[in-house]
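Participant: The following file, structure.pdb, comprises PDB, C-alpha atoms, pLDDT in the B column:
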ATOM      1  CA  MET A 114     -32.184  -6.654   9.677  1.00 62.00           C
ATOM      2  CA  MET A 115     -30.454  -4.380   7.193  1.00 74.00           C
ATOM      3  CA  ASN A 116     -30.713  -4.840   3.449  1.00 81.00           C
ATOM      4  CA  ASP A 117     -27.744  -4.823   1.021  1.00 79.00           C
ATOM      5  CA  GLY A 118     -28.272  -1.173   0.048  1.00 81.00           C
ATOM      6  CA  MET A 119     -28.299  -0.018   3.646  1.00 89.00           C
ATOM      7  CA  LEU A 120     -25.160  -2.036   4.451  1.00 91.00           C
ATOM      8  CA  ALA A 121     -23.367  -0.511   1.447  1.00 90.00           C
ATOM      9  CA  GLY A 122     -24.374   2.952   2.698  1.00 90.00           C
ATOM     10  CA  ILE A 123     -23.148   2.192   6.226  1.00 92.00           C
ATOM     11  CA  ILE A 124     -19.799   0.951   4.913  1.00 92.00           C
ATOM     12  CA  GLU A 125     -19.514   3.978   2.624  1.00 91.00           C
ATOM     13  CA  ALA A 126     -20.094   6.256   5.634  1.00 91.00           C
ATOM     14  CA  ILE A 127     -17.522   4.370   7.732  1.00 91.00           C
ATOM     15  CA  LEU A 128     -14.892   4.656   4.994  1.00 90.00           C
ATOM     16  CA  PHE A 129     -15.709   8.339   4.455  1.00 89.00           C
ATOM     17  CA  VAL A 130     -15.467   9.273   8.136  1.00 86.00           C
ATOM     18  CA  SER A 131     -12.367   7.152   8.699  1.00 84.00           C
ATOM     19  CA  GLY A 132     -10.408   8.693   5.846  1.00 82.00           C
ATOM     20  CA  GLU A 133      -7.949   5.824   6.280  1.00 85.00           C
ATOM     21  CA  ALA A 134      -7.950   2.262   5.016  1.00 88.00           C
ATOM     22  CA  VAL A 135     -10.170  -0.024   7.108  1.00 91.00           C
ATOM     23  CA  ASN A 136     -10.026  -3.801   7.420  1.00 92.00           C
ATOM     24  CA  PRO A 137     -13.342  -5.342   6.226  1.00 92.00           C
ATOM     25  CA  ASP A 138     -13.011  -7.975   8.967  1.00 92.00           C
ATOM     26  CA  ASP A 139     -13.062  -5.191  11.575  1.00 92.00           C
ATOM     27  CA  ILE A 140     -16.245  -3.754  10.046  1.00 92.00           C
ATOM     28  CA  ALA A 141     -17.882  -7.192   9.995  1.00 91.00           C
ATOM     29  CA  MET A 142     -16.946  -7.802  13.628  1.00 91.00           C
ATOM     30  CA  ALA A 143     -18.175  -4.386  14.794  1.00 92.00           C
ATOM     31  CA  LEU A 144     -21.486  -4.742  12.917  1.00 91.00           C
ATOM     32  CA  GLU A 145     -21.818  -8.399  13.916  1.00 91.00           C
ATOM     33  CA  LEU A 146     -22.086  -9.499  10.307  1.00 91.00           C
ATOM     34  CA  PRO A 147     -20.484 -12.321   8.341  1.00 87.00           C
ATOM     35  CA  GLU A 148     -17.285 -11.206   6.573  1.00 77.00           C
ATOM     36  CA  GLY A 149     -18.774 -12.176   3.219  1.00 87.00           C
ATOM     37  CA  ALA A 150     -21.554  -9.605   3.657  1.00 91.00           C
ATOM     38  CA  VAL A 151     -19.053  -6.771   4.049  1.00 91.00           C
ATOM     39  CA  GLU A 152     -17.015  -7.941   1.045  1.00 91.00           C
ATOM     40  CA  LYS A 153     -20.224  -8.164  -1.033  1.00 91.00           C
ATOM     41  CA  ALA A 154     -21.178  -4.605  -0.009  1.00 92.00           C
ATOM     42  CA  LEU A 155     -17.671  -3.355  -0.872  1.00 92.00           C
ATOM     43  CA  ASP A 156     -17.917  -5.018  -4.292  1.00 91.00           C
ATOM     44  CA  SER A 157     -21.308  -3.329  -4.790  1.00 89.00           C
ATOM     45  CA  LEU A 158     -19.869   0.089  -3.872  1.00 90.00           C
ATOM     46  CA  GLU A 159     -16.862  -0.507  -6.102  1.00 89.00           C
ATOM     47  CA  GLY A 160     -19.169  -1.334  -9.025  1.00 88.00           C
ATOM     48  CA  ARG A 161     -21.274   1.750  -8.425  1.00 89.00           C
ATOM     49  CA  TYR A 162     -18.202   3.981  -8.316  1.00 89.00           C
ATOM     50  CA  GLN A 163     -16.862   2.529 -11.571  1.00 85.00           C
ATOM     51  CA  GLU A 164     -19.777   4.044 -13.463  1.00 79.00           C
ATOM     52  CA  ALA A 165     -18.807   6.910 -15.759  1.00 68.00           C
ATOM     53  CA  GLY A 166     -18.733  10.296 -14.100  1.00 74.00           C
ATOM     54  CA  MET A 167     -18.444   9.101 -10.510  1.00 87.00           C
ATOM     55  CA  GLY A 168     -15.707  10.910  -8.598  1.00 88.00           C
ATOM     56  CA  LEU A 169     -15.017   8.312  -5.923  1.00 89.00           C
ATOM     57  CA  SER A 170     -13.559   4.827  -5.901  1.00 89.00           C
ATOM     58  CA  ILE A 171     -12.837   2.031  -3.471  1.00 90.00           C
ATOM     59  CA  ARG A 172      -9.110   1.321  -3.205  1.00 90.00           C
ATOM     60  CA  ARG A 173      -8.039  -2.020  -1.770  1.00 90.00           C
ATOM     61  CA  PHE A 174      -4.554  -2.743  -0.538  1.00 87.00           C
ATOM     62  CA  GLY A 175      -2.957  -4.738   2.227  1.00 85.00           C
ATOM     63  CA  GLY A 176      -6.284  -6.480   2.910  1.00 87.00           C
ATOM     64  CA  LYS A 177      -7.962  -3.143   3.638  1.00 91.00           C
ATOM     65  CA  ALA A 178     -10.383  -0.860   1.803  1.00 91.00           C
ATOM     66  CA  GLN A 179     -10.351   2.929   1.519  1.00 90.00           C
ATOM     67  CA  LEU A 180     -12.666   5.493  -0.021  1.00 89.00           C
ATOM     68  CA  ALA A 181     -10.664   7.643  -2.433  1.00 88.00           C
ATOM     69  CA  THR A 182     -11.127  10.112  -5.251  1.00 87.00           C
ATOM     70  CA  LYS A 183     -10.516   8.950  -8.809  1.00 87.00           C
ATOM     71  CA  ALA A 184      -7.158   9.951 -10.221  1.00 82.00           C
ATOM     72  CA  ASP A 185      -8.895  11.429 -13.308  1.00 84.00           C
ATOM     73  CA  PHE A 186     -10.295  14.203 -11.127  1.00 85.00           C
ATOM     74  CA  ALA A 187      -7.023  15.166  -9.404  1.00 80.00           C
ATOM     75  CA  PRO A 188      -6.369  18.244 -11.597  1.00 82.00           C
ATOM     76  CA  TYR A 189      -9.780  19.690 -10.723  1.00 82.00           C
ATOM     77  CA  ILE A 190      -9.397  18.959  -7.028  1.00 78.00           C
ATOM     78  CA  GLU A 191      -5.955  20.583  -7.000  1.00 74.00           C
ATOM     79  CA  ARG A 192      -7.253  23.709  -8.723  1.00 73.00           C
ATOM     80  CA  VAL A 193     -10.001  24.158  -6.168  1.00 73.00           C
ATOM     81  CA  LEU A 194      -8.210  23.114  -3.008  1.00 67.00           C
ATOM     82  CA  GLN A 195      -4.689  24.235  -3.950  1.00 58.00           C
ATOM     83  CA  PRO A 196      -3.124  21.517  -1.802  1.00 49.00           C
ATOM     84  CA  ILE A 197       0.376  21.649  -0.471  1.00 47.00           C
ATOM     85  CA  GLN A 198       2.409  19.709  -2.987  1.00 46.00           C
ATOM     86  CA  ARG A 199       3.271  16.239  -1.760  1.00 53.00           C
ATOM     87  CA  ARG A 200       7.014  15.938  -1.605  1.00 57.00           C
ATOM     88  CA  SER A 201       8.138  13.488  -4.199  1.00 71.00           C
ATOM     89  CA  LEU A 202      10.744  10.848  -3.542  1.00 79.00           C
ATOM     90  CA  SER A 203      14.311  11.571  -4.580  1.00 82.00           C
ATOM     91  CA  GLN A 204      16.092   9.300  -7.046  1.00 85.00           C
ATOM     92  CA  SER A 205      18.142   7.732  -4.245  1.00 87.00           C
ATOM     93  CA  ALA A 206      15.009   7.173  -2.147  1.00 89.00           C
ATOM     94  CA  LEU A 207      13.233   5.543  -5.123  1.00 91.00           C
ATOM     95  CA  GLU A 208      16.222   3.267  -5.769  1.00 91.00           C
ATOM     96  CA  THR A 209      16.387   2.308  -2.103  1.00 93.00           C
ATOM     97  CA  LEU A 210      12.623   1.752  -1.880  1.00 94.00           C
ATOM     98  CA  SER A 211      12.725  -0.471  -4.973  1.00 92.00           C
ATOM     99  CA  ILE A 212      15.396  -2.640  -3.396  1.00 94.00           C
ATOM    100  CA  ILE A 213      13.447  -2.873  -0.136  1.00 94.00           C
ATOM    101  CA  ALA A 214      10.222  -3.741  -1.979  1.00 93.00           C
ATOM    102  CA  TYR A 215      11.743  -6.535  -4.054  1.00 92.00           C
ATOM    103  CA  LYS A 216      14.217  -7.997  -1.551  1.00 92.00           C
ATOM    104  CA  GLN A 217      12.455  -7.526   1.778  1.00 91.00           C
ATOM    105  CA  PRO A 218      13.404  -8.176   4.436  1.00 93.00           C
ATOM    106  CA  VAL A 219      16.716  -6.537   3.633  1.00 94.00           C
ATOM    107  CA  THR A 220      19.529  -4.907   5.643  1.00 94.00           C
ATOM    108  CA  ARG A 221      21.139  -1.522   5.029  1.00 93.00           C
ATOM    109  CA  MET A 222      24.382  -3.280   4.015  1.00 93.00           C
ATOM    110  CA  GLU A 223      22.535  -5.401   1.445  1.00 93.00           C
ATOM    111  CA  ILE A 224      20.892  -2.266   0.034  1.00 93.00           C
ATOM    112  CA  GLU A 225      24.256  -0.506  -0.167  1.00 91.00           C
ATOM    113  CA  ALA A 226      25.864  -3.531  -1.851  1.00 89.00           C
ATOM    114  CA  ILE A 227      23.240  -3.350  -4.611  1.00 89.00           C
ATOM    115  CA  ARG A 228      23.256   0.456  -4.971  1.00 86.00           C
ATOM    116  CA  GLY A 229      27.022   0.814  -4.564  1.00 86.00           C
ATOM    117  CA  VAL A 230      26.640   3.891  -2.340  1.00 88.00           C
ATOM    118  CA  GLY A 231      25.705   4.696   1.250  1.00 87.00           C
ATOM    119  CA  SER A 232      21.979   4.577   1.895  1.00 90.00           C
ATOM    120  CA  ASP A 233      21.562   5.770   5.495  1.00 88.00           C
ATOM    121  CA  TYR A 234      19.853   9.030   4.548  1.00 89.00           C
ATOM    122  CA  ALA A 235      17.576   7.413   1.948  1.00 90.00           C
ATOM    123  CA  ILE A 236      16.476   4.700   4.409  1.00 93.00           C
ATOM    124  CA  GLN A 237      15.788   7.228   7.171  1.00 90.00           C
ATOM    125  CA  SER A 238      13.846   9.384   4.714  1.00 89.00           C
ATOM    126  CA  LEU A 239      11.690   6.402   3.708  1.00 92.00           C
ATOM    127  CA  VAL A 240      11.105   5.452   7.338  1.00 92.00           C
ATOM    128  CA  SER A 241      10.087   9.022   8.206  1.00 88.00           C
ATOM    129  CA  LYS A 242       7.659   9.057   5.244  1.00 87.00           C
ATOM    130  CA  ARG A 243       6.239   5.718   6.468  1.00 89.00           C
ATOM    131  CA  MET A 244       7.122   3.966   3.197  1.00 92.00           C
ATOM    132  CA  ALA A 245       9.539   1.556   4.918  1.00 94.00           C
ATOM    133  CA  ARG A 246      10.033   0.370   8.481  1.00 94.00           C
ATOM    134  CA  GLU A 247      12.024  -1.998  10.626  1.00 93.00           C
ATOM    135  CA  VAL A 248      10.612  -5.511  10.411  1.00 93.00           C
ATOM    136  CA  GLY A 249      13.121  -7.299  12.621  1.00 93.00           C
ATOM    137  CA  ARG A 250      16.768  -8.170  12.968  1.00 93.00           C
ATOM    138  CA  LYS A 251      18.853 -10.538  10.852  1.00 91.00           C
ATOM    139  CA  ASP A 252      20.160 -13.539  12.731  1.00 91.00           C
ATOM    140  CA  THR A 253      23.819 -12.859  11.910  1.00 89.00           C
ATOM    141  CA  LEU A 254      26.806 -11.154  13.535  1.00 89.00           C
ATOM    142  CA  GLY A 255      25.777  -7.711  14.767  1.00 88.00           C
ATOM    143  CA  ARG A 256      22.046  -8.459  14.295  1.00 92.00           C
ATOM    144  CA  PRO A 257      21.515  -5.755  11.623  1.00 93.00           C
ATOM    145  CA  ILE A 258      18.089  -4.180  11.202  1.00 94.00           C
ATOM    146  CA  LEU A 259      15.866  -5.657   8.501  1.00 95.00           C
ATOM    147  CA  TYR A 260      13.673  -3.281   6.496  1.00 96.00           C
ATOM    148  CA  GLY A 261      10.391  -3.919   4.700  1.00 95.00           C
ATOM    149  CA  THR A 262       7.637  -1.878   3.079  1.00 94.00           C
ATOM    150  CA  THR A 263       4.456  -0.618   4.743  1.00 92.00           C
ATOM    151  CA  GLU A 264       0.801  -0.241   3.882  1.00 89.00           C
ATOM    152  CA  GLN A 265       1.621   3.409   3.099  1.00 86.00           C
ATOM    153  CA  PHE A 266       3.941   2.089   0.348  1.00 90.00           C
ATOM    154  CA  LEU A 267       1.124  -0.010  -1.130  1.00 89.00           C
ATOM    155  CA  SER A 268      -1.300   2.898  -0.932  1.00 84.00           C
ATOM    156  CA  HIS A 269       1.162   5.390  -2.457  1.00 83.00           C
ATOM    157  CA  PHE A 270       1.775   3.183  -5.490  1.00 84.00           C
ATOM    158  CA  GLY A 271      -1.812   1.906  -5.784  1.00 83.00           C
ATOM    159  CA  LEU A 272      -0.937  -1.737  -5.139  1.00 86.00           C
ATOM    160  CA  ARG A 273      -3.190  -4.287  -3.473  1.00 85.00           C
ATOM    161  CA  ASP A 274      -0.219  -6.444  -2.459  1.00 87.00           C
ATOM    162  CA  LEU A 275       3.427  -7.074  -3.332  1.00 88.00           C
ATOM    163  CA  LYS A 276       2.523  -9.596  -6.026  1.00 87.00           C
ATOM    164  CA  GLU A 277       1.420  -6.618  -8.155  1.00 87.00           C
ATOM    165  CA  LEU A 278       4.992  -5.303  -8.326  1.00 88.00           C
ATOM    166  CA  PRO A 279       6.160  -5.382 -11.943  1.00 86.00           C
ATOM    167  CA  ALA A 280       8.768  -7.924 -13.002  1.00 82.00           C
ATOM    168  CA  ILE A 281      12.245  -6.529 -13.449  1.00 77.00           C
ATOM    169  CA  PRO A 282      13.586  -6.800 -17.013  1.00 71.00           C
ATOM    170  CA  MET A 283      16.927  -8.606 -17.144  1.00 66.00           C
ATOM    171  CA  GLY A 284      18.136  -8.852 -20.723  1.00 56.00           C
ATOM    172  CA  ASP A 285      15.741 -11.079 -22.658  1.00 49.00           C
ATOM    173  CA  GLU A 286      14.169 -12.491 -19.489  1.00 46.00           C
ATOM    174  CA  GLN A 287      11.669 -11.118 -17.004  1.00 42.00           C
ATOM    175  CA  THR A 288      12.572 -11.890 -13.413  1.00 44.00           C
ATOM    176  CA  THR A 289      12.126 -10.696  -9.869  1.00 43.00           C
ATOM    177  CA  PHE A 290      14.580 -10.669  -6.993  1.00 45.00           C
ATOM    178  CA  LEU A 291      12.422 -13.214  -5.196  1.00 43.00           C
ATOM    179  CA  ALA A 292      10.570 -16.251  -6.440  1.00 43.00           C
ATOM    180  CA  ASN A 293       6.822 -15.545  -6.517  1.00 42.00           C
ATOM    181  CA  ASP A 294       6.175 -17.997  -3.709  1.00 41.00           C
ATOM    182  CA  GLN A 295       8.577 -15.996  -1.534  1.00 44.00           C
ATOM    183  CA  LEU A 296       7.084 -12.641  -2.488  1.00 45.00           C
ATOM    184  CA  ALA A 297       4.552 -12.314   0.279  1.00 46.00           C
ATOM    185  CA  ASP A 298       2.963  -9.517   2.219  1.00 49.00           C
ATOM    186  CA  ASP A 299       4.340 -10.974   5.459  1.00 50.00           C
ATOM    187  CA  TYR A 300       6.619  -7.984   5.811  1.00 49.00           C
ATOM    188  CA  ILE A 301       3.977  -5.320   5.162  1.00 53.00           C
ATOM    189  CA  GLN A 302       3.527  -3.715   8.526  1.00 49.00           C
ATOM    190  CA  PRO A 303       0.256  -2.120   9.598  1.00 52.00           C
ATOM    191  CA  GLU A 304       0.605   1.413  10.838  1.00 50.00           C
TER
END
Please rewrite the model in this file as structure tokens.
Facilitator:
Amino acid sequence: MMNDGMLAGIIEAILFVSGEAVNPDDIAMALELPEGAVEKALDSLEGRYQEAGMGLSIRRFGGKAQLATKADFAPYIERVLQPIQRRSLSQSALETLSIIAYKQPVTRMEIEAIRGVGSDYAIQSLVSKRMAREVGRKDTLGRPILYGTTEQFLSHFGLRDLKELPAIPMGDEQTTFLANDQLADDYIQPE
């Protein structure tokens, strides 16, 4: 029988070796443990990493957990590792991604109606960067492709789920394109 400290160490090692986000349910199943034990160990690791001076953190998004470096240490990491600069998103890609995030599932024509310009290139760019993907087809004439966001989108923007998207200011009111009960992670697609 493993104790809590050993389980936290095992989970830390799994997250480190994986490098990707891992579903706690998958860890629990593989280790033949109750799901609550894995969540408790993740909470313990998260608390330990929140201590001052620690360089790692546990990021949770899309129901998964990932071992990551703290953003505060990014300048030092970049100086040492001199990483290839991550290509940033263009203004048109950001506009398109915002529309997809708030209105998903959404068609290209709906995106273009909101933006007022063609969005083929921006959509394809987002799909190739794994920030958006096809989530189905609309049940209308022509059966246009519906787009939604991905776990990569959540990870990139540091969101646990779509409910963390900020409200959109509209004059004196705060609103979102969708009612909160409609804003669900049903369209987040695992990679």
Participant: Find the distance between atom CA of Asp233 of chain A and atom CA of Arg221 of chain A and write it in Å to one decimal.
Facilitator: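 Between atom CA of Asp233 of chain A and atom CA of Arg221 of chain A the gap is 7.3 Å.
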Participant: Determine, counting only C-alpha atoms, every residue of protein, DNA or RNA that lies within 10 Å of (-4.3, -0.9, 2.1) in the file coordinates, then give the result as a list of chain:residue names.
Facilitator: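 Those residues, ordered by chain and then number, are A:Glu133, A:Ala134, A:Val135, A:Asn136, A:Arg172, A:Arg173, A:Phe174, A:Gly175, A:Gly176, A:Lys177, A:Ala178, A:Gln179, A:Thr263, A:Glu264, A:Gln265, A:Phe266, A:Leu267, A:Ser268, A:His269, A:Gly271, A:Leu272, A:Arg273, A:Asp274, A:Ile301, A:Pro303.
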Participant: Please determine an axis-aligned box that encloses all atoms of segment 254-268 of chain A listed in the file, with 5 Å added on each side, and express its centre and edge lengths in Å to one decimal as lines of an AutoDock Vina configuration file.
Facilitator:
center_x = 12.8
center_y = -3.9
center_z = 6.8
size_x = 38.1
size_y = 24.6
size_z = 25.9
Participant: Where does the PyMOL selection byres ((chain A and resi 212) around 10) land in this file, that is, which residues does it pick, as a PyMOL selection string?
Facilitator: chain A and resi 206-211+213-219+223-225+227-228+261+290
Participant: Could you tell me which residues the PyMOL selection byres ((chain A and resi 124) around 9) returns for this structure, as a PyMOL selection string?
Facilitator: chain A and resi 119-123+125-129+140+151+154-155+158
Participant: Go ahead and write the residues just picked, C-alpha atoms, as a PDB file, in the frame of the given file.
Facilitator:
ATOM      1  CA  MET A 119     -28.299  -0.018   3.646  1.00 89.00           C
ATOM      2  CA  LEU A 120     -25.160  -2.036   4.451  1.00 91.00           C
ATOM      3  CA  ALA A 121     -23.367  -0.511   1.447  1.00 90.00           C
ATOM      4  CA  GLY A 122     -24.374   2.952   2.698  1.00 90.00           C
ATOM      5  CA  ILE A 123     -23.148   2.192   6.226  1.00 92.00           C
ATOM      6  CA  GLU A 125     -19.514   3.978   2.624  1.00 91.00           C
ATOM      7  CA  ALA A 126     -20.094   6.256   5.634  1.00 91.00           C
ATOM      8  CA  ILE A 127     -17.522   4.370   7.732  1.00 91.00           C
ATOM      9  CA  LEU A 128     -14.892   4.656   4.994  1.00 90.00           C
ATOM     10  CA  PHE A 129     -15.709   8.339   4.455  1.00 89.00           C
ATOM     11  CA  ILE A 140     -16.245  -3.754  10.046  1.00 92.00           C
ATOM     12  CA  VAL A 151     -19.053  -6.771   4.049  1.00 91.00           C
ATOM     13  CA  ALA A 154     -21.178  -4.605  -0.009  1.00 92.00           C
ATOM     14  CA  LEU A 155     -17.671  -3.355  -0.872  1.00 92.00           C
ATOM     15  CA  LEU A 158     -19.869   0.089  -3.872  1.00 90.00           C
TER      16      LEU A 158
END
Participant: State, in Å with one decimal place, the distance from atom CA of Ser241 of chain A to atom CA of Leu254 of chain A.
Facilitator: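 Here the two named atoms are 26.7 Å from each other.
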Participant: If you measure from atom CA of Lys183 of chain A to atom CA of Ala141 of chain A, what distance in Å do you get, rounded to one decimal?
Facilitator: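 Going from atom CA of Lys183 of chain A over to atom CA of Ala141 of chain A, I get 25.9 Å.
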Participant: List the spatial neighbours of Lys242 of chain A as a list in words - criterion: any atom at most 10 Å away, all atoms listed in the file, same-chain residues fewer than 3 positions off excluded.
Facilitator: Arg200, Leu202, Ile236, Gln237, Ser238, Leu239, Ala245, Arg246, Gln265 and Phe266 of chain A
Participant: Under the PyMOL selection byres ((chain A and resi 184) around 12), which residues of this model are included? Write them out as a ChimeraX atom specification.
Facilitator: /A:167-172,181-183,185-191,271
Participant: Using all atoms listed in the file, collect all residues at a distance of at most 10 Å from (14.1, -4.5, 13.1) as written in the file, then present them as a CSV table (one decimal) with C-alpha atoms, in the coordinates of the input.
Facilitator:
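Output file result_15.csv follows:
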chain,number,residue,atom,x,y,z
A,218,PRO,CA,13.4,-8.2,4.4
A,220,THR,CA,19.5,-4.9,5.6
A,246,ARG,CA,10.0,0.4,8.5
A,247,GLU,CA,12.0,-2.0,10.6
A,248,VAL,CA,10.6,-5.5,10.4
A,249,GLY,CA,13.1,-7.3,12.6
A,250,ARG,CA,16.8,-8.2,13.0
A,251,LYS,CA,18.9,-10.5,10.9
A,256,ARG,CA,22.0,-8.5,14.3
A,257,PRO,CA,21.5,-5.8,11.6
A,258,ILE,CA,18.1,-4.2,11.2
A,259,LEU,CA,15.9,-5.7,8.5
A,260,TYR,CA,13.7,-3.3,6.5
A,261,GLY,CA,10.4,-3.9,4.7
Participant: Quick one: of A:Thr253, A:Pro279, A:Lys153, A:Gly160, who's nearest to Asn116 of chain A, counting all atoms listed in the file?
Facilitator: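 Between A:Thr253, A:Pro279, A:Lys153, A:Gly160, the residue approaching Asn116 of chain A most closely is A:Lys153.
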Participant: For each of A:Arg192, A:Ser203, A:Ile281, A:Gly132, take the minimum atom-to-atom distance to Ala235 of chain A, counting all atoms listed in the file, then give the residue where this is smallest.
Facilitator: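 Looking only at the distances to Ala235 of chain A, the closest residue turns out to be A:Ser203.
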Participant: Go through A:Glu159, A:Met115, A:Ser232, A:Met222 and flag the residue nearest Glu145 of chain A, using only C-alpha atoms for the distances.
Facilitator: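 Using only C-alpha atoms, the shortest distance to Glu145 of chain A belongs to A:Met115.
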Participant: Would you mind telling me which residue in A:Asp117, A:Pro137, A:Val193, A:Phe270 lies nearest to Ser157 of chain A when using all atoms listed in the file?
Facilitator: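 Using all atoms listed in the file, Ser157 of chain A sits closest to A:Asp117.
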